[in-house]
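S.K.: File final.csv follows (CSV, C-alpha atoms):
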```csv
chain,number,residue,atom,x,y,z
A,16,CYS,CA,0.0,0.0,0.0
A,17,ILE,CA,1.4,3.4,-1.0
A,18,LYS,CA,0.3,6.7,0.6
A,19,LYS,CA,1.3,10.2,-0.6
A,20,PHE,CA,1.3,13.5,1.2
A,21,GLY,CA,3.5,16.5,1.0
A,22,GLU,CA,4.8,19.5,2.9
A,23,GLU,CA,3.7,23.0,1.7
A,24,HIS,CA,6.3,25.3,3.3
A,25,ARG,CA,9.7,23.8,2.2
A,26,PRO,CA,11.9,25.3,-0.5
A,27,VAL,CA,11.6,22.0,-2.2
A,28,GLN,CA,8.3,20.1,-2.0
A,29,ILE,CA,8.5,16.4,-1.0
A,30,ASP,CA,6.6,13.6,-2.5
A,31,LEU,CA,6.5,11.2,0.5
A,32,GLN,CA,5.5,7.6,0.4
A,33,VAL,CA,5.1,5.2,3.2
A,34,ILE,CA,5.2,1.5,2.1
A,35,GLY,CA,4.2,-1.2,4.5
A,36,TYR,CA,5.4,-4.8,4.1
A,37,PRO,CA,4.2,-7.9,5.8
A,38,CYS,CA,6.5,-8.6,8.8
A,39,SER,CA,7.7,-11.8,10.4
A,40,SER,CA,8.1,-11.9,14.2
A,41,ASN,CA,11.9,-11.5,13.7
A,42,PRO,CA,12.9,-7.8,13.1
A,43,PHE,CA,16.4,-8.8,11.9
A,44,ILE,CA,14.9,-11.0,9.2
A,45,PHE,CA,12.5,-8.3,8.2
A,46,GLU,CA,15.3,-5.8,7.8
A,47,ARG,CA,17.4,-8.3,5.8
A,48,ASN,CA,14.4,-8.9,3.5
A,49,LEU,CA,14.0,-5.2,2.9
A,50,THR,CA,17.5,-5.1,1.4
A,51,TYR,CA,16.2,-7.2,-1.6
A,52,LYS,CA,13.3,-4.8,-2.1
A,53,LEU,CA,15.4,-1.7,-2.2
A,54,LEU,CA,16.7,-1.6,-5.8
A,55,PRO,CA,13.2,-1.5,-7.4
A,56,ILE,CA,12.3,1.4,-5.1
A,57,ILE,CA,15.4,3.3,-6.2
A,58,TYR,CA,14.7,2.6,-9.9
A,59,SER,CA,11.1,3.7,-9.5
A,60,HIS,CA,11.7,7.0,-7.7
A,61,ASN,CA,15.2,8.4,-8.3
A,62,ASP,CA,14.7,10.0,-11.8
A,63,GLY,CA,18.4,9.3,-12.5
A,64,ARG,CA,19.4,11.6,-9.6
A,65,PRO,CA,21.3,11.0,-6.3
A,66,THR,CA,19.7,8.7,-3.8
A,67,LEU,CA,20.4,8.6,0.0
A,68,VAL,CA,19.5,5.4,1.8
A,69,PHE,CA,19.4,5.2,5.6
A,70,CYS,CA,20.1,2.0,7.5
A,71,SER,CA,20.3,1.5,11.2
A,72,THR,CA,23.8,0.0,11.5
A,73,ARG,CA,27.3,0.3,9.9
A,74,LYS,CA,27.2,-3.4,9.0
A,75,GLY,CA,23.8,-2.9,7.4
A,76,CYS,CA,25.2,-0.1,5.2
A,77,CYS,CA,27.9,-2.4,3.9
A,78,THR,CA,25.5,-5.3,3.3
A,79,VAL,CA,23.1,-3.1,1.4
A,80,VAL,CA,25.8,-1.6,-0.7
A,81,SER,CA,27.2,-5.0,-1.6
A,82,GLN,CA,23.8,-6.2,-2.6
A,83,LEU,CA,23.1,-3.1,-4.7
A,84,VAL,CA,26.4,-3.4,-6.5
A,85,LYS,CA,25.6,-7.1,-7.3
A,86,GLU,CA,22.0,-6.4,-8.5
A,87,SER,CA,22.5,-3.2,-10.3
A,88,ARG,CA,25.2,-4.5,-12.7
A,89,GLU,CA,26.7,-1.0,-13.2
A,90,SER,CA,23.3,0.4,-14.3
A,91,PHE,CA,24.0,3.7,-12.3
A,92,ILE,CA,26.9,4.5,-14.6
A,93,LYS,CA,25.6,7.2,-17.1
A,94,ASP,CA,28.2,7.0,-19.8
A,95,THR,CA,31.9,6.4,-20.6
A,96,ALA,CA,33.0,9.7,-19.2
A,97,HIS,CA,31.2,9.0,-15.9
A,98,ARG,CA,32.8,5.5,-15.8
A,99,LEU,CA,36.3,7.1,-16.2
A,100,ARG,CA,35.6,9.7,-13.5
A,101,LEU,CA,34.6,6.9,-11.1
A,102,ALA,CA,37.6,4.8,-11.9
A,103,GLU,CA,39.9,7.7,-11.3
A,104,ALA,CA,38.2,8.6,-8.0
A,105,SER,CA,38.2,5.0,-6.8
A,106,ARG,CA,42.0,5.0,-6.7
A,107,ARG,CA,42.0,7.7,-4.1
A,108,PHE,CA,40.2,5.6,-1.4
A,109,SER,CA,42.1,3.8,1.3
A,110,ASN,CA,39.4,1.2,1.7
A,111,LYS,CA,39.6,-1.4,-1.1
A,112,ALA,CA,36.0,-2.7,-0.6
A,113,LEU,CA,34.7,0.8,-0.8
A,114,SER,CA,36.8,1.6,-3.8
A,115,ASP,CA,35.3,-1.3,-5.7
A,116,CYS,CA,31.8,-0.1,-4.9
A,117,ILE,CA,32.6,3.5,-6.0
A,118,ARG,CA,33.3,2.2,-9.5
A,119,CYS,CA,29.6,1.3,-9.7
A,120,ALA,CA,28.5,4.8,-8.5
A,121,ILE,CA,27.4,3.3,-5.2
A,122,GLY,CA,29.0,4.0,-1.8
A,123,TYR,CA,28.5,4.0,2.0
A,124,TYR,CA,29.0,6.7,4.7
A,125,HIS,CA,29.3,6.0,8.4
A,126,ALA,CA,31.4,7.1,11.4
A,127,GLY,CA,33.7,4.1,11.3
A,128,MET,CA,35.3,5.2,8.0
A,129,GLU,CA,38.6,7.0,7.5
A,130,ARG,CA,37.9,10.7,7.4
A,131,SER,CA,39.5,11.1,4.0
A,132,ASP,CA,37.3,8.4,2.5
A,133,ARG,CA,34.2,10.0,4.1
A,134,ASP,CA,35.1,13.4,2.7
A,135,LEU,CA,35.7,12.0,-0.8
A,136,VAL,CA,32.4,10.1,-0.7
A,137,GLY,CA,30.6,13.3,0.1
A,138,GLU,CA,32.4,15.2,-2.7
A,139,LEU,CA,31.4,12.6,-5.3
A,140,PHE,CA,27.8,12.5,-4.1
A,141,MET,CA,27.5,16.3,-4.3
A,142,LYS,CA,28.9,16.2,-7.8
A,143,GLU,CA,26.3,13.5,-8.7
A,144,ASP,CA,29.0,11.1,-9.8
A,145,LEU,CA,28.0,8.9,-6.8
A,146,LEU,CA,24.3,8.2,-7.4
A,147,VAL,CA,23.5,5.9,-4.4
A,148,LEU,CA,24.8,6.6,-0.9
A,149,VAL,CA,23.9,4.4,2.0
A,150,SER,CA,24.4,6.0,5.4
A,151,THR,CA,23.7,5.1,9.0
A,152,THR,CA,20.7,6.8,10.6
A,153,SER,CA,22.8,8.0,13.4
A,154,LEU,CA,24.5,10.4,11.0
A,155,ALA,CA,21.2,11.9,9.7
A,156,GLN,CA,21.6,15.1,11.8
A,157,GLY,CA,25.2,15.7,10.8
A,158,VAL,CA,25.1,14.7,7.2
A,159,ASN,CA,24.8,17.8,4.9
A,160,LEU,CA,24.4,15.7,1.8
A,161,PRO,CA,21.0,16.5,0.2
A,162,ALA,CA,19.6,13.9,-2.2
A,163,HIS,CA,16.8,13.9,-4.8
A,164,LEU,CA,15.5,10.7,-3.2
A,165,VAL,CA,15.7,9.6,0.4
A,166,VAL,CA,14.9,6.0,1.3
A,167,ILE,CA,14.5,5.0,5.0
A,168,LYS,CA,15.1,1.2,5.0
A,169,GLY,CA,13.2,0.1,8.0
A,170,THR,CA,11.9,2.1,10.9
A,171,GLN,CA,13.5,0.2,13.8
A,172,MET,CA,16.9,0.3,15.4
A,173,TYR,CA,18.5,-2.0,18.0
A,174,LYS,CA,19.3,-0.5,21.4
A,175,SER,CA,21.2,-2.4,24.0
A,176,GLY,CA,19.0,-3.2,26.9
A,177,SER,CA,15.8,-2.3,25.0
A,178,GLY,CA,15.9,-4.5,21.9
A,179,TYR,CA,14.4,-3.1,18.7
A,180,VAL,CA,12.7,0.3,19.0
A,181,GLU,CA,10.9,2.4,16.5
A,182,TYR,CA,12.3,5.7,15.3
A,183,ASN,CA,10.5,8.7,16.7
A,184,GLU,CA,9.2,11.7,14.8
A,185,ASN,CA,12.4,13.7,15.1
A,186,ASP,CA,14.4,10.7,13.7
A,187,LEU,CA,12.2,10.4,10.7
A,188,GLN,CA,12.0,14.2,10.0
A,189,GLN,CA,15.8,14.4,10.2
A,190,MET,CA,16.2,11.8,7.6
A,191,ILE,CA,13.4,13.0,5.3
A,192,GLY,CA,14.9,16.5,5.6
A,193,ARG,CA,17.8,15.4,3.5
A,194,ALA,CA,15.5,15.2,0.5
A,195,GLY,CA,15.7,18.0,-2.0
A,196,ARG,CA,18.6,19.8,-3.9
A,197,PRO,CA,17.3,23.3,-4.5
A,198,GLN,CA,20.9,24.4,-5.5
A,199,PHE,CA,20.6,21.9,-8.4
A,200,GLY,CA,17.2,22.9,-9.5
A,201,ASP,CA,15.0,20.5,-7.6
A,202,LYS,CA,11.4,21.6,-7.4
A,203,ILE,CA,10.1,18.3,-6.0
A,204,ALA,CA,12.1,15.8,-4.1
A,205,LYS,CA,11.1,12.3,-3.0
A,206,ALA,CA,11.2,10.2,0.1
A,207,VAL,CA,10.2,6.6,0.7
A,208,ILE,CA,9.8,5.0,4.1
A,209,MET,CA,9.9,1.2,4.1
A,210,THR,CA,8.3,-0.2,7.2
A,211,THR,CA,6.1,-2.9,8.5
A,212,LYS,CA,2.4,-3.1,7.5
A,213,GLU,CA,1.5,-2.7,11.1
A,214,ASN,CA,3.6,0.5,11.4
A,215,GLU,CA,2.5,2.2,8.2
A,216,GLN,CA,-0.3,4.3,9.7
A,217,ARG,CA,1.8,5.3,12.7
A,218,CYS,CA,4.5,6.7,10.4
A,219,GLU,CA,1.9,8.7,8.5
A,220,LYS,CA,0.4,10.1,11.6
A,221,LEU,CA,3.8,11.0,13.1
A,222,LEU,CA,4.8,12.9,9.9
A,223,LYS,CA,1.5,14.7,9.8
A,224,GLY,CA,1.9,15.7,13.5
A,225,LYS,CA,-1.1,13.5,14.5
A,226,GLN,CA,0.5,10.9,16.7
A,227,GLU,CA,-2.0,9.3,19.0
```
I need this file expressed as structure tokens, please.
M.R.:
Amino acid sequence: CIKKFGEEHRPVQIDLQVIGYPCSSNPFIFERNLTYKLLPIIYSHNDGRPTLVFCSTRKGCCTVVSQLVKESRESFIKDTAHRLRLAEASRRFSNKALSDCIRCAIGYYHAGMERSDRDLVGELFMKEDLLVLVSTTSLAQGVNLPAHLVVIKGTQMYKSGSGYVEYNENDLQQMIGRAGRPQFGDKIAKAVIMTTKENEQRCEKLLKGKQE
């Protein structure tokens, strides 16, 4: 089920969709299964522009990037000139695994990376050479990397002593707030929240300011 609603007072309007999926009793398995549903979401909504995907953990970021590289088969590479720029940029990374992903116009961004690698990833993303960037949700407040499309892959995170807990309104707003590149001519940006079927209406109410 797909719902749409927008915000009327932002420089860039957001087409926001909340998609609910049937959930097993195991949140870890649900999160893993969302990884395999991600690429069609990106293809359907990115308009050939940069996409920022939020995951709850560093390991999750790397897993998602590996799967996207495998599935996309270099489909995010625009042309020969783009391929050459990515190849040249990939040689500047200290992390070999990340370097290989960059060649496919896909990368990740989290606090455990070398600062030089993180800065270079941000630079490539802002230039629109890197078309898919997967980041941890914990960096949502500090990441000044706007995207045409934001995808929130799952709405739960694991907290020691509490187990899996749902993101609150501020968490979701911080991530959705990364959608829109007015400096690059965006009039409308897009955001997609992937969550459980049971949590779909809660997300909508939170983002409309109508949490019960």
S.K.: So that I can see what lies close to region 41-56 of chain A, please list as a VMD selection string the residues with an atom at most 8 Å from it, counting only C-alpha atoms and leaving out residues fewer than 6 positions away in the same chain.
M.R.: chain A and resid 79 82 to 83 86 to 87 168 to 169 179 209
S.K.: Between CA of Thr78 (chain A) and CA of Leu221 (chain A), what is the distance, to one decimal in Å?
M.R.: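 Pair CA of Thr78 (chain A) / CA of Leu221 (chain A) returns 28.9 Å.
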S.K.: Between A:Gly127, A:Gly75, A:Pro65, A:Gly122, which is the closest to Arg193 (chain A) once you count all atoms listed in the file?
M.R.: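 Of A:Gly127, A:Gly75, A:Pro65, A:Gly122, the one nearest Arg193 (chain A), counting all atoms listed in the file, is A:Pro65.
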S.K.: For the atom pair CA of Gln189 (chain A) and CA of Asn61 (chain A), what is the interatomic distance in Å to one decimal place?
M.R.: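 The value is 19.5 Å.
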S.K.: Between A:His163, A:Asn214, A:Val84, A:Pro197, which is the closest to Asp30 (chain A) once you count all atoms listed in the file?
M.R.: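 Of the candidates, the smallest distance to Asp30 (chain A) is held by A:His163.
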S.K.: Grab the CA of Val165 (chain A) to CA of Ser131 (chain A) distance for me, in Å with one decimal place.
M.R.: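 Answer for the CA of Val165 (chain A) to CA of Ser131 (chain A) separation: 24.1 Å.
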S.K.: With all atoms listed in the file counted, which protein, DNA or RNA residues have an atom no more than 8 Å from (22.1, 17.4, -0.1) in the file frame? Please answer as an MDAnalysis selection string.
M.R.: chainID A and resid 141 159:163 193:196
S.K.: Kindly indicate which residue among A:Gly137, A:Phe91, A:Arg217, A:Arg106 lies nearest to Glu181 (chain A), using only C-alpha atoms for the distances.
M.R.: A:Arg217
S.K.: Just the residues within 7 Å of Cys77 (chain A), please, counting only C-alpha atoms, with nothing from its chain fewer than 4 positions along; format it as a VMD selection string.
M.R.: chain A and resid 73 81 123
S.K.: Only C-alpha atoms, please: the residues just picked out, written as a tab-separated table (two decimals), in the coordinates of the input.
M.R.:
```
chain	number	residue	atom	x	y	z
A	73	ARG	CA	27.30	0.30	9.90
A	81	SER	CA	27.20	-5.00	-1.60
A	123	TYR	CA	28.50	4.00	2.00
```
S.K.: Could you tell me which of A:Ile203, A:Leu31, A:Thr152, A:Asp94 comes closest to Leu222 (chain A) if we count only C-alpha atoms?
M.R.: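 When distances to Leu222 (chain A) are compared using only C-alpha atoms, the smallest one comes from A:Leu31.
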S.K.: Can you pull out the residues contacting Tyr36 (chain A)? Cut-off 9 Å, using only C-alpha atoms, and skip same-chain residues under 2 positions away; I want them as number ranges by chain.
M.R.: A: 16, 34, 38, 45, 49, 209-213, 215
S.K.: Which one of A:Met128, A:Leu139, A:Leu187, A:Ala206 sits closest to Cys218 (chain A) if you count all atoms listed in the file?
M.R.: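 For Cys218 (chain A), the nearest of the given residues is A:Leu187.
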S.K.: Considering all atoms listed in the file, can you say which of A:Gln32, A:Thr66, A:Gln198, A:Ser39 comes closest to Leu164 (chain A)?
M.R.: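 Nearest to Leu164 (chain A): A:Thr66.
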S.K.: For Glu129 (chain A), please output as a list in words all residues within 9 Å (counting all atoms listed in the file; exclusion window: fewer than 5 positions along the same chain).
M.R.: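 The filter keeps Ser109, Asn110 and Asp134 of chain A.
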S.K.: Show me, as a tab-separated table (two decimals) with C-alpha atoms, in the frame of the given file, the residues that have an atom within 10 Å of Arg100 (chain A) when counting all atoms listed in the file, minus same-chain residues fewer than 5 positions from it.
M.R.:
```tsv
chain	number	residue	atom	x	y	z
A	95	THR	CA	31.90	6.40	-20.60
A	105	SER	CA	38.20	5.00	-6.80
A	118	ARG	CA	33.30	2.20	-9.50
A	120	ALA	CA	28.50	4.80	-8.50
A	139	LEU	CA	31.40	12.60	-5.30
A	144	ASP	CA	29.00	11.10	-9.80
```
S.K.: Would you mind completing region 94-120 of chain A to N, CA and C atoms and writing the output as a compact mmCIF listing (two decimals), in the frame of the given file?
M.R.:
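Below is the file that was written, out_11.txt:
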```txt
# COMPACT_ATOMS: atom_id res chain seq x y z
N ASP A 94 27.57 7.06 -18.53
CA ASP A 94 28.20 7.00 -19.80
C ASP A 94 29.72 6.71 -19.61
N THR A 95 30.47 6.69 -20.71
CA THR A 95 31.90 6.40 -20.60
C THR A 95 32.66 7.41 -19.79
N ALA A 96 32.33 8.68 -19.96
CA ALA A 96 33.00 9.70 -19.20
C ALA A 96 32.76 9.55 -17.70
N HIS A 97 31.53 9.20 -17.33
CA HIS A 97 31.20 9.00 -15.90
C HIS A 97 31.98 7.75 -15.40
N ARG A 98 32.06 6.70 -16.19
CA ARG A 98 32.80 5.50 -15.80
C ARG A 98 34.29 5.85 -15.52
N LEU A 99 34.87 6.69 -16.36
CA LEU A 99 36.30 7.10 -16.20
C LEU A 99 36.48 7.92 -14.95
N ARG A 100 35.53 8.83 -14.68
CA ARG A 100 35.60 9.70 -13.50
C ARG A 100 35.59 8.79 -12.21
N LEU A 101 34.69 7.81 -12.22
CA LEU A 101 34.60 6.90 -11.10
C LEU A 101 35.82 6.06 -10.90
N ALA A 102 36.37 5.58 -11.99
CA ALA A 102 37.60 4.80 -11.90
C ALA A 102 38.74 5.58 -11.34
N GLU A 103 38.85 6.82 -11.78
CA GLU A 103 39.90 7.70 -11.30
C GLU A 103 39.71 7.98 -9.78
N ALA A 104 38.48 8.30 -9.40
CA ALA A 104 38.20 8.60 -8.00
C ALA A 104 38.41 7.39 -7.10
N SER A 105 38.09 6.21 -7.60
CA SER A 105 38.20 5.00 -6.80
C SER A 105 39.64 4.75 -6.32
N ARG A 106 40.60 5.21 -7.08
CA ARG A 106 42.00 5.00 -6.70
C ARG A 106 42.45 5.87 -5.54
N ARG A 107 41.61 6.83 -5.16
CA ARG A 107 42.00 7.70 -4.10
C ARG A 107 41.50 7.22 -2.71
N PHE A 108 40.76 6.12 -2.69
CA PHE A 108 40.20 5.60 -1.40
C PHE A 108 41.21 4.65 -0.76
N SER A 109 41.25 4.71 0.56
CA SER A 109 42.10 3.80 1.30
C SER A 109 41.47 2.45 1.54
N ASN A 110 40.14 2.40 1.48
CA ASN A 110 39.40 1.20 1.70
C ASN A 110 39.13 0.47 0.39
N LYS A 111 39.70 -0.72 0.20
CA LYS A 111 39.60 -1.40 -1.10
C LYS A 111 38.15 -1.80 -1.40
N ALA A 112 37.40 -2.30 -0.40
CA ALA A 112 36.00 -2.70 -0.60
C ALA A 112 35.18 -1.51 -1.09
N LEU A 113 35.38 -0.38 -0.43
CA LEU A 113 34.70 0.80 -0.80
C LEU A 113 35.06 1.29 -2.20
N SER A 114 36.34 1.22 -2.49
CA SER A 114 36.80 1.60 -3.80
C SER A 114 36.16 0.85 -4.92
N ASP A 115 35.97 -0.46 -4.72
CA ASP A 115 35.30 -1.30 -5.70
C ASP A 115 33.87 -0.88 -5.93
N CYS A 116 33.19 -0.51 -4.85
CA CYS A 116 31.80 -0.10 -4.90
C CYS A 116 31.66 1.25 -5.68
N ILE A 117 32.60 2.15 -5.41
CA ILE A 117 32.60 3.50 -6.00
C ILE A 117 32.58 3.36 -7.55
N ARG A 118 33.27 2.37 -8.08
CA ARG A 118 33.30 2.20 -9.50
C ARG A 118 31.94 1.93 -10.13
N CYS A 119 30.99 1.53 -9.29
CA CYS A 119 29.60 1.30 -9.70
C CYS A 119 28.68 2.44 -9.40
N ALA A 120 29.25 3.57 -8.93
CA ALA A 120 28.50 4.80 -8.50
C ALA A 120 27.65 4.55 -7.30
```
